[in-house]
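Notes follow once the structure below has been shown.
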Amino acid sequence: MSLSMGACPHAWRHHLHHRGRMWAASPAFRRQLVLLRSLAPTTCAYGGRASSSSLRPHAMSAAAGPVYEADAEAVVRRITPPLDRARHKGQAGKIAIIGGCREYTGAPYFAAISALKVGADLSHVFCTKDAATVIKSYSPELIVHPILEESYSVRDDERESVSSSILTEVIKWMERFDCIVVGPGLGRDSFLMDCISNIMRHARQANIPTVVDGDGLFLITNNIGLVEDNSLAILTPNVYEYKRLVQKVLNCEVNEENASEQLTALCQKIGGVTIMRKGKADVISDGKKVTQVSTFGSPRRCGGQGDILSGSVAVFSSWARHFLLSNKQPKETSVNPMVLGCIAGSLLLRKAAALAFEKNKRSTVTTDIIEFLGQSLEDICPAGW
Ligand SMILES: NC(=O)C1=CN([C@@H]2O[C@H](COP(=O)(O)OP(=O)(O)OC[C@H]3O[C@@H](n4cnc5c(N)ncnc54)[C@H](O)[C@@H]3O)[C@@H](O)[C@H]2O)[C@@H](O)CC1
Ligand SMILES: Nc1ncnc2c1ncn2[C@@H]1O[C@H](COP(=O)(O)OP(=O)(O)OP(=O)(O)O)[C@@H](O)[C@H]1O
Ligand SMILES: [Mg+2]
């Protein structure tokens, strides 16, 4: 029997009837049911307050299929690990943000602190020397590595040796990370971009899941081979980043009429990656299914919300991977942990943004939203202590 997430709920009830009570009562079945429901079509899985047409499944071509509204709360509950006395530091996740330069210190901070607030045990930042002290001063919780360099601080004849020592330093740490986030506040300096390309190649060889955001997307849009066929890569483009990606990879303009097919085609053309297209709804695809989270968040569009998202997605996708591995999913269950991580991260950000807006209204800024990440997770998935 196929238990793939693509099955419709009616088919599920049919299976349930025929497989008998033993199977229905088994923990394995309940696990499958929750995971399936979490990605079931809007009409049966989502009873949200918004009434926009985006909440209904869209009629799509066979290639793209319908857009599913995720039962994102069920996903969060399922993949969030219980707090357990037996666990030691690091087991709930070690995340690294690769970003932070002279111009941008907020973005890597937002991503790194969000990872901690969601529940990771350790959060590192690899940034330029200029940015490091600033980021450290925002929070003593973060482990900050001032190792990246931009062109202005490297002589031409030193480039090769500096680049290789940056890579050596990052490699020393890389295997410890459950996920890295490349791009928040990275900047677009050409020397830095070359160094980051080497780091991404290494992460890939080491099978480290990689969320690509912000300037990381600028880098890969111009060098798509960095993520091609990497099923452990998640791209989180905003409206402009998505536009540039579509133009470059599909050689056309963004088409809202065929948004779902276009997103599917983009994933397929790049091969294996998961893409979360951010916007009014966060639309997620791995080239097979298209899922969305459209829970209302906040009408404030202050900068930095995407950074919260990338840090959160890094944690949740690590938890989802761990959950699926430790629950030994049958091969035919094509649950993609990267997709689950995107769904969970999107919901948590939106819930936190809603709570922050309720309190701060027009003055809501990113740090206000970060303050509510904990409560949002607690509302969905109580710590129970
Ligand atoms: N406090 C901080 O340090 C923050 C830093 N950030 C970082 O800032 C860097 C740049 O990110 P951005 O999202 O600003 O990226 P972009 O440089 O792509 O966009 C900058 C702004 O230019 C405009 N724009 C870009 N492309 C456009 C187009 N085709 N048509 C019309 N307008 C267009 C948009 O208003 C956009 O917000 C990234 O490293 C990002 O992580 C942001 O995350 C926001 C917060
Ligand atoms: N039009 C919208 N309506 C409702 N929520 C939105 C809208 N656009 C974005 N969001 C929310 O903000 C989140 C971040 O998306 P945004 O487009 O601001 O990313 P970004 O530009 O990369 O952010 P950053 O400033 O951190 O770089 C989305 O995941 C979504 O929850
Ligand atoms: Mg961004």
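Identifiers in the structure tokens: chain A, B, ... in order shown; residue index from 1 per chain; ligand index from 1 in order shown.
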Closest contacts (chain A/ligand 3, max 10 Å, only C-alpha atoms and all ligand atoms) as JSON lines:
```
{"residue": "A:Ala107", "atom": "CA", "partner": "ligand 3", "partner_atom_place_in_ligand_line": "1 (Mg)", "distance": 8.1}
{"residue": "A:Gly183", "atom": "CA", "partner": "ligand 3", "partner_atom_place_in_ligand_line": "1 (Mg)", "distance": 8.5}
{"residue": "A:Pro184", "atom": "CA", "partner": "ligand 3", "partner_atom_place_in_ligand_line": "1 (Mg)", "distance": 6.8}
{"residue": "A:Gly185", "atom": "CA", "partner": "ligand 3", "partner_atom_place_in_ligand_line": "1 (Mg)", "distance": 8.4}
{"residue": "A:Val212", "atom": "CA", "partner": "ligand 3", "partner_atom_place_in_ligand_line": "1 (Mg)", "distance": 9.9}
{"residue": "A:Asp213", "atom": "CA", "partner": "ligand 3", "partner_atom_place_in_ligand_line": "1 (Mg)", "distance": 6.1}
{"residue": "A:Gly214", "atom": "CA", "partner": "ligand 3", "partner_atom_place_in_ligand_line": "1 (Mg)", "distance": 4.4}
{"residue": "A:Asp215", "atom": "CA", "partner": "ligand 3", "partner_atom_place_in_ligand_line": "1 (Mg)", "distance": 7.9}
{"residue": "A:Gly216", "atom": "CA", "partner": "ligand 3", "partner_atom_place_in_ligand_line": "1 (Mg)", "distance": 9.6}
{"residue": "A:Leu217", "atom": "CA", "partner": "ligand 3", "partner_atom_place_in_ligand_line": "1 (Mg)", "distance": 9.2}
{"residue": "A:Thr236", "atom": "CA", "partner": "ligand 3", "partner_atom_place_in_ligand_line": "1 (Mg)", "distance": 8.0}
{"residue": "A:Pro237", "atom": "CA", "partner": "ligand 3", "partner_atom_place_in_ligand_line": "1 (Mg)", "distance": 7.1}
{"residue": "A:Asn238", "atom": "CA", "partner": "ligand 3", "partner_atom_place_in_ligand_line": "1 (Mg)", "distance": 6.2}
{"residue": "A:Val239", "atom": "CA", "partner": "ligand 3", "partner_atom_place_in_ligand_line": "1 (Mg)", "distance": 9.4}
{"residue": "A:Tyr240", "atom": "CA", "partner": "ligand 3", "partner_atom_place_in_ligand_line": "1 (Mg)", "distance": 9.5}
{"residue": "A:Glu241", "atom": "CA", "partner": "ligand 3", "partner_atom_place_in_ligand_line": "1 (Mg)", "distance": 8.3}
{"residue": "A:Lys278", "atom": "CA", "partner": "ligand 3", "partner_atom_place_in_ligand_line": "1 (Mg)", "distance": 9.4}
{"residue": "A:Gly303", "atom": "CA", "partner": "ligand 3", "partner_atom_place_in_ligand_line": "1 (Mg)", "distance": 7.7}
{"residue": "A:Gly304", "atom": "CA", "partner": "ligand 3", "partner_atom_place_in_ligand_line": "1 (Mg)", "distance": 6.8}
{"residue": "A:Gln305", "atom": "CA", "partner": "ligand 3", "partner_atom_place_in_ligand_line": "1 (Mg)", "distance": 7.5}
{"residue": "A:Gly306", "atom": "CA", "partner": "ligand 3", "partner_atom_place_in_ligand_line": "1 (Mg)", "distance": 4.7}
{"residue": "A:Asp307", "atom": "CA", "partner": "ligand 3", "partner_atom_place_in_ligand_line": "1 (Mg)", "distance": 6.0}
{"residue": "A:Ile308", "atom": "CA", "partner": "ligand 3", "partner_atom_place_in_ligand_line": "1 (Mg)", "distance": 9.3}
{"residue": "A:Leu309", "atom": "CA", "partner": "ligand 3", "partner_atom_place_in_ligand_line": "1 (Mg)", "distance": 9.0}
{"residue": "A:Ser310", "atom": "CA", "partner": "ligand 3", "partner_atom_place_in_ligand_line": "1 (Mg)", "distance": 8.6}
```
> Quick one: residues within 7 Å of Gly100 of chain A, only C-alpha atoms counted, chain neighbours fewer than 3 positions away excluded, as a list in words?
Replying inline: Tyr104, Thr105, Pro108, Cys127, Thr128, Ala131, Pro184, Gly185 and Leu186 of chain A
Could you write out that same residue set with all heavy atoms as a PDB file, in the first residue's frame?
```
ATOM      1  N   TYR A 104      25.721  45.010   6.673  1.00  0.00           N
ATOM      2  CA  TYR A 104      24.594  44.317   7.307  1.00  0.00           C
ATOM      3  C   TYR A 104      25.038  43.492   8.511  1.00  0.00           C
ATOM      4  O   TYR A 104      25.756  42.496   8.358  1.00  0.00           O
ATOM      5  CB  TYR A 104      23.929  43.347   6.326  1.00  0.00           C
ATOM      6  CG  TYR A 104      23.527  43.953   5.008  1.00  0.00           C
ATOM      7  CD1 TYR A 104      24.065  43.460   3.815  1.00  0.00           C
ATOM      8  CD2 TYR A 104      22.599  44.973   4.935  1.00  0.00           C
ATOM      9  CE1 TYR A 104      23.690  43.981   2.596  1.00  0.00           C
ATOM     10  CE2 TYR A 104      22.215  45.500   3.715  1.00  0.00           C
ATOM     11  CZ  TYR A 104      22.766  45.005   2.546  1.00  0.00           C
ATOM     12  OH  TYR A 104      22.388  45.514   1.341  1.00  0.00           O
ATOM     13  N   THR A 105      24.597  43.904   9.680  1.00  0.00           N
ATOM     14  CA  THR A 105      24.849  43.085  10.870  1.00  0.00           C
ATOM     15  C   THR A 105      23.533  42.572  11.454  1.00  0.00           C
ATOM     16  O   THR A 105      23.521  41.591  12.199  1.00  0.00           O
ATOM     17  CB  THR A 105      25.594  43.891  11.961  1.00  0.00           C
ATOM     18  OG1 THR A 105      24.848  45.077  12.235  1.00  0.00           O
ATOM     19  CG2 THR A 105      27.003  44.248  11.512  1.00  0.00           C
ATOM     20  N   PRO A 108      22.199  38.639   9.890  1.00  0.00           N
ATOM     21  CA  PRO A 108      22.720  37.389  10.474  1.00  0.00           C
ATOM     22  C   PRO A 108      22.328  37.233  11.933  1.00  0.00           C
ATOM     23  O   PRO A 108      22.079  36.108  12.404  1.00  0.00           O
ATOM     24  CB  PRO A 108      24.242  37.527  10.322  1.00  0.00           C
ATOM     25  CG  PRO A 108      24.487  38.984  10.119  1.00  0.00           C
ATOM     26  CD  PRO A 108      23.274  39.529   9.438  1.00  0.00           C
ATOM     27  N   CYS A 127      31.152  35.531   9.833  1.00  0.00           N
ATOM     28  CA  CYS A 127      30.958  36.836   9.206  1.00  0.00           C
ATOM     29  C   CYS A 127      32.310  37.512   8.965  1.00  0.00           C
ATOM     30  O   CYS A 127      33.364  36.955   9.301  1.00  0.00           O
ATOM     31  CB  CYS A 127      30.084  37.711  10.102  1.00  0.00           C
ATOM     32  SG  CYS A 127      30.789  37.952  11.730  1.00  0.00           S
ATOM     33  N   THR A 128      32.267  38.732   8.421  1.00  0.00           N
ATOM     34  CA  THR A 128      33.525  39.450   8.218  1.00  0.00           C
ATOM     35  C   THR A 128      33.988  40.028   9.562  1.00  0.00           C
ATOM     36  O   THR A 128      33.201  40.148  10.512  1.00  0.00           O
ATOM     37  CB  THR A 128      33.371  40.600   7.195  1.00  0.00           C
ATOM     38  OG1 THR A 128      32.508  41.584   7.761  1.00  0.00           O
ATOM     39  CG2 THR A 128      32.814  40.113   5.867  1.00  0.00           C
ATOM     40  N   ALA A 131      32.059  42.974  10.953  1.00  0.00           N
ATOM     41  CA  ALA A 131      30.709  42.733  11.476  1.00  0.00           C
ATOM     42  C   ALA A 131      30.732  41.996  12.805  1.00  0.00           C
ATOM     43  O   ALA A 131      29.781  42.103  13.600  1.00  0.00           O
ATOM     44  CB  ALA A 131      29.913  41.914  10.454  1.00  0.00           C
ATOM     45  N   PRO A 184      22.189  35.601   4.809  1.00  0.00           N
ATOM     46  CA  PRO A 184      21.631  36.799   5.460  1.00  0.00           C
ATOM     47  C   PRO A 184      22.708  37.848   5.745  1.00  0.00           C
ATOM     48  O   PRO A 184      23.678  37.578   6.463  1.00  0.00           O
ATOM     49  CB  PRO A 184      21.025  36.257   6.764  1.00  0.00           C
ATOM     50  CG  PRO A 184      20.774  34.811   6.499  1.00  0.00           C
ATOM     51  CD  PRO A 184      21.882  34.385   5.574  1.00  0.00           C
ATOM     52  N   GLY A 185      22.567  39.007   5.134  1.00  0.00           N
ATOM     53  CA  GLY A 185      23.525  40.098   5.337  1.00  0.00           C
ATOM     54  C   GLY A 185      24.925  39.804   4.846  1.00  0.00           C
ATOM     55  O   GLY A 185      25.897  40.388   5.332  1.00  0.00           O
ATOM     56  N   LEU A 186      25.034  38.959   3.861  1.00  0.00           N
ATOM     57  CA  LEU A 186      26.364  38.557   3.377  1.00  0.00           C
ATOM     58  C   LEU A 186      27.026  39.644   2.534  1.00  0.00           C
ATOM     59  O   LEU A 186      28.249  39.781   2.519  1.00  0.00           O
ATOM     60  CB  LEU A 186      26.197  37.271   2.549  1.00  0.00           C
ATOM     61  CG  LEU A 186      27.429  36.521   2.104  1.00  0.00           C
ATOM     62  CD1 LEU A 186      28.270  36.071   3.296  1.00  0.00           C
ATOM     63  CD2 LEU A 186      27.008  35.293   1.289  1.00  0.00           C
TER      64      LEU A 186
END
```
> Which of these, A:Ile224, A:Glu158, A:Ser334, A:Trp319, has the shortest distance to Pro82 of chain A once you count only C-alpha atoms?
Replying inline: A:Trp319
> Could you pull out all residues of segment 119-240 of chain A with a DSSP call of helix (DSSP H, G or I) and give them as a ChimeraX atom specification?
Replying inline: /A:129-138,151-153,156-174,190-205,215-221,224-226,239-240
> Which residues, written as a PyMOL selection string, have at least one atom at most 10 Å from Ile196 of chain A, with only C-alpha atoms counted and residues fewer than 4 positions away on the same chain left out?
Replying inline: chain A and resi 98-99+148+163+166-167+182-183+186+190-192+200-202+216+219
Serialized selection, all heavy atoms, as a compact mmCIF listing (two decimals), in the first residue's frame:
```txt
# COMPACT_ATOMS: atom_id res chain seq x y z
N ILE A 98 25.95 31.89 7.71
CA ILE A 98 27.11 32.43 7.02
C ILE A 98 26.67 33.75 6.39
O ILE A 98 25.97 33.78 5.38
CB ILE A 98 27.66 31.43 5.99
CG1 ILE A 98 27.99 30.15 6.76
CG2 ILE A 98 28.87 32.00 5.26
CD1 ILE A 98 28.64 29.07 6.03
N GLY A 99 26.99 34.83 7.06
CA GLY A 99 26.56 36.14 6.61
C GLY A 99 26.92 37.19 7.64
O GLY A 99 27.20 36.86 8.80
N LEU A 148 35.49 35.90 7.65
CA LEU A 148 35.32 36.22 6.22
C LEU A 148 36.02 37.54 5.89
O LEU A 148 36.20 38.40 6.77
CB LEU A 148 33.84 36.31 5.86
CG LEU A 148 32.99 35.07 6.15
CD1 LEU A 148 31.53 35.30 5.74
CD2 LEU A 148 33.55 33.84 5.46
N SER A 163 41.71 32.94 0.79
CA SER A 163 40.54 32.13 0.46
C SER A 163 40.69 30.71 1.02
O SER A 163 39.74 30.15 1.59
CB SER A 163 40.39 32.10 -1.07
OG SER A 163 39.43 31.20 -1.43
N ILE A 166 40.31 30.69 4.84
CA ILE A 166 38.89 30.84 5.24
C ILE A 166 38.19 29.48 5.15
O ILE A 166 37.50 29.04 6.08
CB ILE A 166 38.17 31.88 4.34
CG1 ILE A 166 38.67 33.30 4.65
CG2 ILE A 166 36.65 31.80 4.51
CD1 ILE A 166 38.15 34.38 3.72
N LEU A 167 38.45 28.80 4.03
CA LEU A 167 37.80 27.50 3.84
C LEU A 167 38.26 26.51 4.92
O LEU A 167 37.44 25.79 5.51
CB LEU A 167 38.11 26.95 2.44
CG LEU A 167 37.38 25.66 2.08
CD1 LEU A 167 35.87 25.85 2.09
CD2 LEU A 167 37.82 25.14 0.71
N VAL A 182 23.04 30.19 4.36
CA VAL A 182 24.00 31.00 3.63
C VAL A 182 23.31 32.25 3.09
O VAL A 182 22.36 32.14 2.32
CB VAL A 182 24.62 30.20 2.45
CG1 VAL A 182 25.54 31.08 1.62
CG2 VAL A 182 25.37 28.99 2.96
N GLY A 183 23.75 33.42 3.50
CA GLY A 183 23.30 34.62 2.82
C GLY A 183 22.79 35.80 3.60
O GLY A 183 22.91 36.93 3.11
N LEU A 186 25.03 38.96 3.86
CA LEU A 186 26.36 38.56 3.38
C LEU A 186 27.03 39.64 2.53
O LEU A 186 28.25 39.78 2.52
CB LEU A 186 26.20 37.27 2.55
CG LEU A 186 27.43 36.52 2.10
CD1 LEU A 186 28.27 36.07 3.30
CD2 LEU A 186 27.01 35.29 1.29
N SER A 190 32.82 40.45 -4.62
CA SER A 190 33.19 39.34 -5.52
C SER A 190 34.13 38.34 -4.85
O SER A 190 33.98 37.12 -5.02
CB SER A 190 33.81 39.89 -6.80
OG SER A 190 34.98 40.61 -6.46
N PHE A 191 35.09 38.83 -4.06
CA PHE A 191 36.00 37.91 -3.39
C PHE A 191 35.23 37.04 -2.39
O PHE A 191 35.41 35.81 -2.32
CB PHE A 191 37.12 38.68 -2.68
CG PHE A 191 38.03 37.80 -1.87
CD1 PHE A 191 38.94 36.96 -2.50
CD2 PHE A 191 37.96 37.78 -0.48
CE1 PHE A 191 39.76 36.11 -1.76
CE2 PHE A 191 38.78 36.94 0.26
CZ PHE A 191 39.68 36.11 -0.38
N LEU A 192 34.36 37.70 -1.64
CA LEU A 192 33.55 36.99 -0.65
C LEU A 192 32.67 35.94 -1.33
O LEU A 192 32.55 34.80 -0.86
CB LEU A 192 32.68 38.01 0.10
CG LEU A 192 31.92 37.53 1.33
CD1 LEU A 192 32.84 36.87 2.33
CD2 LEU A 192 31.21 38.70 1.98
N MET A 200 30.05 26.45 0.15
CA MET A 200 28.83 25.73 -0.25
C MET A 200 29.18 24.38 -0.88
O MET A 200 28.51 23.38 -0.62
CB MET A 200 28.00 26.56 -1.22
CG MET A 200 27.30 27.72 -0.53
SD MET A 200 26.19 28.60 -1.63
CE MET A 200 24.85 27.43 -1.79
N ARG A 201 30.24 24.35 -1.67
CA ARG A 201 30.64 23.07 -2.28
C ARG A 201 31.05 22.08 -1.20
O ARG A 201 30.70 20.90 -1.24
CB ARG A 201 31.81 23.29 -3.26
CG ARG A 201 31.37 23.95 -4.54
CD ARG A 201 32.49 23.99 -5.58
NE ARG A 201 32.15 24.99 -6.58
CZ ARG A 201 32.65 26.22 -6.63
NH1 ARG A 201 33.57 26.61 -5.77
NH2 ARG A 201 32.25 27.06 -7.56
N HIS A 202 31.75 22.60 -0.21
CA HIS A 202 32.18 21.71 0.87
C HIS A 202 30.98 21.20 1.66
O HIS A 202 30.90 20.01 2.00
CB HIS A 202 33.18 22.41 1.80
CG HIS A 202 33.60 21.51 2.91
ND1 HIS A 202 34.58 20.55 2.75
CD2 HIS A 202 33.11 21.35 4.16
CE1 HIS A 202 34.69 19.86 3.86
NE2 HIS A 202 33.81 20.32 4.74
N GLY A 216 22.89 35.09 -0.55
CA GLY A 216 23.21 33.72 -0.99
C GLY A 216 22.43 33.40 -2.25
O GLY A 216 22.93 32.70 -3.15
N LEU A 219 24.10 34.94 -5.17
CA LEU A 219 25.23 34.12 -5.58
C LEU A 219 24.78 32.92 -6.42
O LEU A 219 25.30 32.70 -7.52
CB LEU A 219 25.99 33.63 -4.33
CG LEU A 219 27.06 32.57 -4.56
CD1 LEU A 219 28.20 33.12 -5.42
CD2 LEU A 219 27.62 32.08 -3.23
```
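Near Gln91 of chain A, within 12 Å and counting only C-alpha atoms, sit Pro81, Pro82, Leu83, Asp84, Arg85, Ala86, Gly119, Ala120, Asp121, Leu122, Arg176, Phe177, Asp178, Val315, Ser318, Trp319 and His322 of chain A; same-chain residues fewer than 5 positions away were not included.
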Keeping only N, CA and C atoms, take the residues you just selected and write them out as a compact mmCIF listing (two decimals), in the first residue's frame.
```txt
# COMPACT_ATOMS: atom_id res chain seq x y z
N PRO A 81 11.01 18.20 18.76
CA PRO A 81 11.39 17.13 19.70
C PRO A 81 10.96 17.47 21.12
N PRO A 82 10.59 16.46 21.90
CA PRO A 82 10.23 16.74 23.29
C PRO A 82 11.46 17.17 24.08
N LEU A 83 11.23 17.97 25.12
CA LEU A 83 12.34 18.31 26.01
C LEU A 83 12.57 17.09 26.90
N ASP A 84 13.80 16.69 27.00
CA ASP A 84 14.10 15.41 27.62
C ASP A 84 15.35 15.54 28.48
N ARG A 85 15.24 15.10 29.73
CA ARG A 85 16.38 15.20 30.65
C ARG A 85 17.60 14.46 30.14
N ALA A 86 17.37 13.43 29.34
CA ALA A 86 18.50 12.59 28.91
C ALA A 86 19.33 13.25 27.81
N GLY A 119 14.61 26.92 19.34
CA GLY A 119 14.94 25.75 20.17
C GLY A 119 16.27 25.08 19.87
N ALA A 120 17.06 25.62 18.94
CA ALA A 120 18.38 25.02 18.70
C ALA A 120 19.25 25.25 19.94
N ASP A 121 20.23 24.38 20.13
CA ASP A 121 21.10 24.51 21.30
C ASP A 121 22.25 25.48 21.06
N LEU A 122 22.74 25.48 19.83
CA LEU A 122 23.90 26.33 19.52
C LEU A 122 23.70 27.04 18.19
N ARG A 176 30.01 19.63 12.30
CA ARG A 176 29.22 19.67 13.54
C ARG A 176 27.82 20.22 13.32
N PHE A 177 27.61 20.89 12.19
CA PHE A 177 26.34 21.59 12.03
C PHE A 177 25.25 20.69 11.47
N ASP A 178 24.04 20.89 11.98
CA ASP A 178 22.88 20.17 11.44
C ASP A 178 22.36 20.87 10.20
N VAL A 315 16.31 25.23 11.73
CA VAL A 315 16.07 24.38 12.91
C VAL A 315 15.00 23.33 12.60
N SER A 318 16.05 20.53 10.34
CA SER A 318 16.92 19.58 11.04
C SER A 318 16.08 18.65 11.92
N TRP A 319 15.12 19.24 12.61
CA TRP A 319 14.24 18.42 13.45
C TRP A 319 13.43 17.44 12.59
N HIS A 322 15.57 14.57 11.51
CA HIS A 322 15.80 13.67 12.64
C HIS A 322 14.55 12.86 12.94
```
> Which residues, written as a VMD selection string, have at least one atom at most 6 Å from Val293 of chain A, with only C-alpha atoms counted and residues fewer than 3 positions away on the same chain left out?
Replying inline: chain A and resid 69 281 to 282
Using N, CA and C atoms, can you write the selected residues to a file as a PDB file, in the first residue's frame?
```pdb
ATOM      1  N   GLU A  69      -2.864  23.482   1.115  1.00  0.00           N
ATOM      2  CA  GLU A  69      -2.638  24.293   2.318  1.00  0.00           C
ATOM      3  C   GLU A  69      -2.212  23.331   3.415  1.00  0.00           C
ATOM      4  N   ALA A 281       1.164  34.432   0.752  1.00  0.00           N
ATOM      5  CA  ALA A 281       1.259  33.037   1.203  1.00  0.00           C
ATOM      6  C   ALA A 281       2.693  32.601   0.936  1.00  0.00           C
ATOM      7  N   ASP A 282       3.254  31.792   1.809  1.00  0.00           N
ATOM      8  CA  ASP A 282       4.564  31.215   1.527  1.00  0.00           C
ATOM      9  C   ASP A 282       4.313  29.910   0.779  1.00  0.00           C
TER      10      ASP A 282
END
```
>> Between A:Ile147, A:Ala356, A:Cys302, A:Ala72, which residue has the minimum interatomic distance to ligand 2, considering only C-alpha atoms and all ligand atoms?
In response: A:Cys302
For segment 366-383 of chain A, list every protein, DNA or RNA residue within 6 Å, evaluated using only C-alpha atoms, and leave out those in the same chain fewer than 2 positions away; present the list as a tab-separated table (two decimals) with all heavy atoms, in the first residue's frame.
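What follows is the written file selection-v6.tsv:
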```tsv
chain	number	residue	atom	x	y	z
A	77	ARG	N	3.88	20.30	15.55
A	77	ARG	CA	3.74	19.39	16.70
A	77	ARG	C	4.49	18.10	16.46
A	77	ARG	O	5.10	17.54	17.37
A	77	ARG	CB	2.26	19.06	16.91
A	77	ARG	CG	1.63	19.97	17.92
A	77	ARG	CD	0.20	19.56	18.25
A	77	ARG	NE	-0.61	20.74	18.20
A	77	ARG	CZ	-1.50	21.03	17.29
A	77	ARG	NH1	-1.76	20.18	16.31
A	77	ARG	NH2	-2.16	22.15	17.31
A	304	GLY	N	13.76	42.14	7.74
A	304	GLY	CA	14.29	41.21	8.74
A	304	GLY	C	13.41	40.00	8.99
A	304	GLY	O	13.85	39.03	9.59
A	351	LYS	N	2.79	33.36	13.12
A	351	LYS	CA	2.13	33.45	14.43
A	351	LYS	C	2.82	34.50	15.30
A	351	LYS	O	2.16	35.29	15.98
A	351	LYS	CB	2.19	32.11	15.15
A	351	LYS	CG	1.36	31.05	14.49
A	351	LYS	CD	0.37	30.48	15.49
A	351	LYS	CE	-0.61	29.57	14.80
A	351	LYS	NZ	-1.95	29.72	15.30
A	352	ALA	N	4.16	34.49	15.28
A	352	ALA	CA	4.90	35.45	16.10
A	352	ALA	C	4.65	36.87	15.59
A	352	ALA	O	4.50	37.81	16.38
A	352	ALA	CB	6.39	35.11	16.07
A	353	ALA	N	4.58	37.04	14.28
A	353	ALA	CA	4.35	38.36	13.70
A	353	ALA	C	2.96	38.87	14.10
A	353	ALA	O	2.78	40.05	14.42
A	353	ALA	CB	4.48	38.30	12.18
A	356	ALA	N	3.14	39.94	17.76
A	356	ALA	CA	3.92	41.18	17.89
A	356	ALA	C	3.12	42.37	17.38
A	356	ALA	O	3.14	43.46	17.98
A	356	ALA	CB	5.23	41.05	17.12
A	385	TRP	N	6.61	21.18	30.73
A	385	TRP	CA	7.42	21.12	31.96
A	385	TRP	C	6.91	22.14	32.96
A	385	TRP	O	6.46	23.20	32.58
A	385	TRP	CB	8.89	21.42	31.65
A	385	TRP	CG	9.59	20.26	31.05
A	385	TRP	CD1	9.42	19.79	29.77
A	385	TRP	CD2	10.56	19.40	31.65
A	385	TRP	NE1	10.21	18.70	29.55
A	385	TRP	CE2	10.94	18.44	30.69
A	385	TRP	CE3	11.15	19.35	32.91
A	385	TRP	CZ2	11.87	17.45	30.95
A	385	TRP	CZ3	12.09	18.36	33.17
A	385	TRP	CH2	12.44	17.41	32.19
```
> Of the candidates A:Glu358, A:Glu261, A:Asp194, A:Glu253, which shows the shortest atom-to-atom distance to ligand 1, using only C-alpha atoms and all ligand atoms?
Replying inline: A:Glu253
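Counting only C-alpha atoms and all ligand atoms, the residue from A:Lys361, A:Arg159, A:Lys328, A:Lys243 that sits nearest to ligand 1 is A:Lys243.
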> Which polymer residues have any atom within 10 Å of an atom of Val273 of chain A, counting only C-alpha atoms, with same-chain residues fewer than 2 positions away left out, as a list in words?
Replying inline: Val227, Glu228, Asp229, Asn230, Ser231, Leu232, Ala233, Ile234, Leu235, Leu266, Cys267, Gln268, Lys269, Ile270, Gly271, Ile275, Ser285, Asp286, Gly287, Met338 and Val339 of chain A
>> Here is a test: counting only C-alpha atoms and all ligand atoms, which residue of A:Leu245, A:Val67, A:Ala96, A:Ala115 is nearest to ligand 1?
In response: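 Smallest distance to ligand 1 is found for A:Leu245.
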